[in-house]
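Student: Take this structure first; my questions come after.
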Amino acid sequence: MDLDRLTAWIREYARLIAENAQYLSDLDAAIGDADHGINMDRGMTAVVAALDEAPPADAAALCKQVGMTLVKSVGGASGPLYGTFFLRMAPAIGSDGAAFAAALRAGVDGVVQRGRAEAGDKTMFDALAPALDALDAALASGTDLTGALAEATTAAEKGRDATESMVARKGRASYLGQRSVGHIDPGATSAALLIGAAATAVRT
Ligand code: ADP
Ligand code: MG
C-alpha cells in the first residue's frame, strides 16, 4: 500500500460513510443515541478536507493526519477509537501487503488498549478482529493483497452481522443490557466499511 493507494482507501471510506451516514445513525438510534453516522461523516469530511488542503508527504504522515483529524472532529466514543486506530497504524505502515496487515493489527491493538473491548462485546472490534485474522491467514497462504482484502471484507461483514445476537457490554449500548440483542452494532458496521474500502482501493 503506497501513499496513493492509502489515500484512495481513505477517500473511498469517506465516500462510503457519507453514503451510509443515515443508516449508521439509524442503527445507533436502536441501541444508542442516533449519532454514529453523523459523527463519522463529520470526521471523514474533515479528513478529506485536510487531505485536499495539505497532502501528506508519506504513508505514515497520512495515517497520523487522519488519526489526529478524527480525534479532533468526532465527538462520541468512536472518534477517539478510530483516531487511535490510525495514529497507531502510522509507525507500522510500510509498502507491502504484510506491512499493511501489521499496521492494521497495530491499529486494532490500540483500539483494544483504549476501549478494552473483547470479542463478543458487540463493538467495532467484532468486525475488525475476524477481518484481520482472515487477512493474515490469506497472506500467509500466498494470496495477494487484493484477494486477501476481499476475504477480510467478507469476514468483517460476517463479524458485523454476528453482532446482531450479541448483548452489548461496552459503550452506550451496554446500558440497554439484554434489550441490545436483535440489533446490528453501528460501529461494527462502519468498521466493515473501512475494510471494504481498503479492498476497493487495492482493486482499482
Ligand atoms: P457514542 O456511543 O459516544 O454515541 P458513536 O455512536 O459514534 O459514539 O459510536 C458508537 C460505537 O462505538 C459502537 O457501536 C461501538 O462499535 C463503538 N464502541 C463504543 N465503545 C467501545 C469500546 N469501548 N471499544 C470498542 N468500540 C466501542
Ligand atoms: Mg452514538
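In the C-alpha cells, chains take letters A, B, ... by order of appearance, with residues numbered from 1 within each chain and ligands from 1 in the order shown.
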Give the residue list for ligand 1 at 10 Å, counting only C-alpha atoms and all ligand atoms, as a count of residues only, sorted by chain and then by residue number.
Tutor: 59
Student: Report as an MDAnalysis selection string all protein, DNA and RNA residues lying within 7 Å of stretch 90-94 of chain A, evaluated on only C-alpha atoms, omitting residues in the same chain fewer than 3 positions from it.
Tutor: chainID A and resid 59:61 63:64 86:87 99:100 102:103
Student: For those residues, write C-alpha atoms to a file as a PDB file, in the first residue's frame.
Tutor:
ATOM      1  CA  ALA A  59       2.140   6.928   4.328  1.00  0.00           C
ATOM      2  CA  ALA A  60       2.995   7.452   7.995  1.00  0.00           C
ATOM      3  CA  ALA A  61       2.142  11.156   7.789  1.00  0.00           C
ATOM      4  CA  CYS A  63      -2.156   7.898   8.949  1.00  0.00           C
ATOM      5  CA  LYS A  64      -1.134  10.483  11.544  1.00  0.00           C
ATOM      6  CA  PHE A  86      -4.978   5.462  12.554  1.00  0.00           C
ATOM      7  CA  LEU A  87      -2.429   7.016  14.932  1.00  0.00           C
ATOM      8  CA  ALA A  99       3.297  -4.276   6.426  1.00  0.00           C
ATOM      9  CA  PHE A 100      -0.221  -3.021   5.756  1.00  0.00           C
ATOM     10  CA  ALA A 102       0.753  -5.386  10.521  1.00  0.00           C
ATOM     11  CA  ALA A 103      -0.230  -1.714  10.635  1.00  0.00           C
TER      12      ALA A 103
END
Student: Which value, in Å to one decimal, gives the distance between atom CA of A:Arg11 and atom CA of A:Ala156?
Tutor: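 Between atom CA of A:Arg11 and atom CA of A:Ala156 the gap is 19.5 Å.
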Student: Looking at only C-alpha atoms and all ligand atoms, which of A:Glu151, A:Asp58, A:Asp26, A:Asp133 is the one that sits closest to ligand 2?
Tutor: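 So, comparing all the options, the nearest one is A:Asp26.
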Student: Grab the atom CA of A:Ala101 to atom CA of A:Thr143 distance for me, in Å with one decimal place.
Tutor: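 Interatomic distance here is 12.9 Å.
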Student: Would you mind telling me which residue in A:Ala30, A:Ala57, A:Met68, A:Leu16 lies nearest to ligand 2 when using only C-alpha atoms and all ligand atoms?
Tutor: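 Looking at the shortest contact to ligand 2, the residue is A:Ala30.
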Student: Take atom CA of A:Asp136 and atom CA of A:Ala197 and report the distance between them in Å, one decimal.
Tutor: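 Pair atom CA of A:Asp136 / atom CA of A:Ala197 returns 17.6 Å.
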Student: Enumerate the residues of chain A with a DSSP assignment of alpha helix (DSSP H), computed from the backbone, and present them as a PyMOL selection string.
Tutor: chain A and resi 3-31+36-53+59-73+78-89+97-115+125-140+145-162+186-203
Student: Compile the contact shell of A:Ser95 as a ChimeraX atom specification: residues with an atom at most 7 Å away, counting only C-alpha atoms, same-chain residues fewer than 2 positions apart removed.
Tutor: /A:1-2,97,99
Student: Write out as a PyMOL selection string each polymer residue whose atoms come within 10 Å of A:Arg15, counting only C-alpha atoms; drop sequence neighbours fewer than 6 positions from it.
Tutor: chain A and resi 9+21+41+44-45+48+197
Student: Which one is closest to A:Gly83: A:Leu51, A:Gly43, A:Asp161, A:Leu145? Count only C-alpha atoms.
Tutor: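 That would be A:Gly43, the residue with the smallest distance to A:Gly83.
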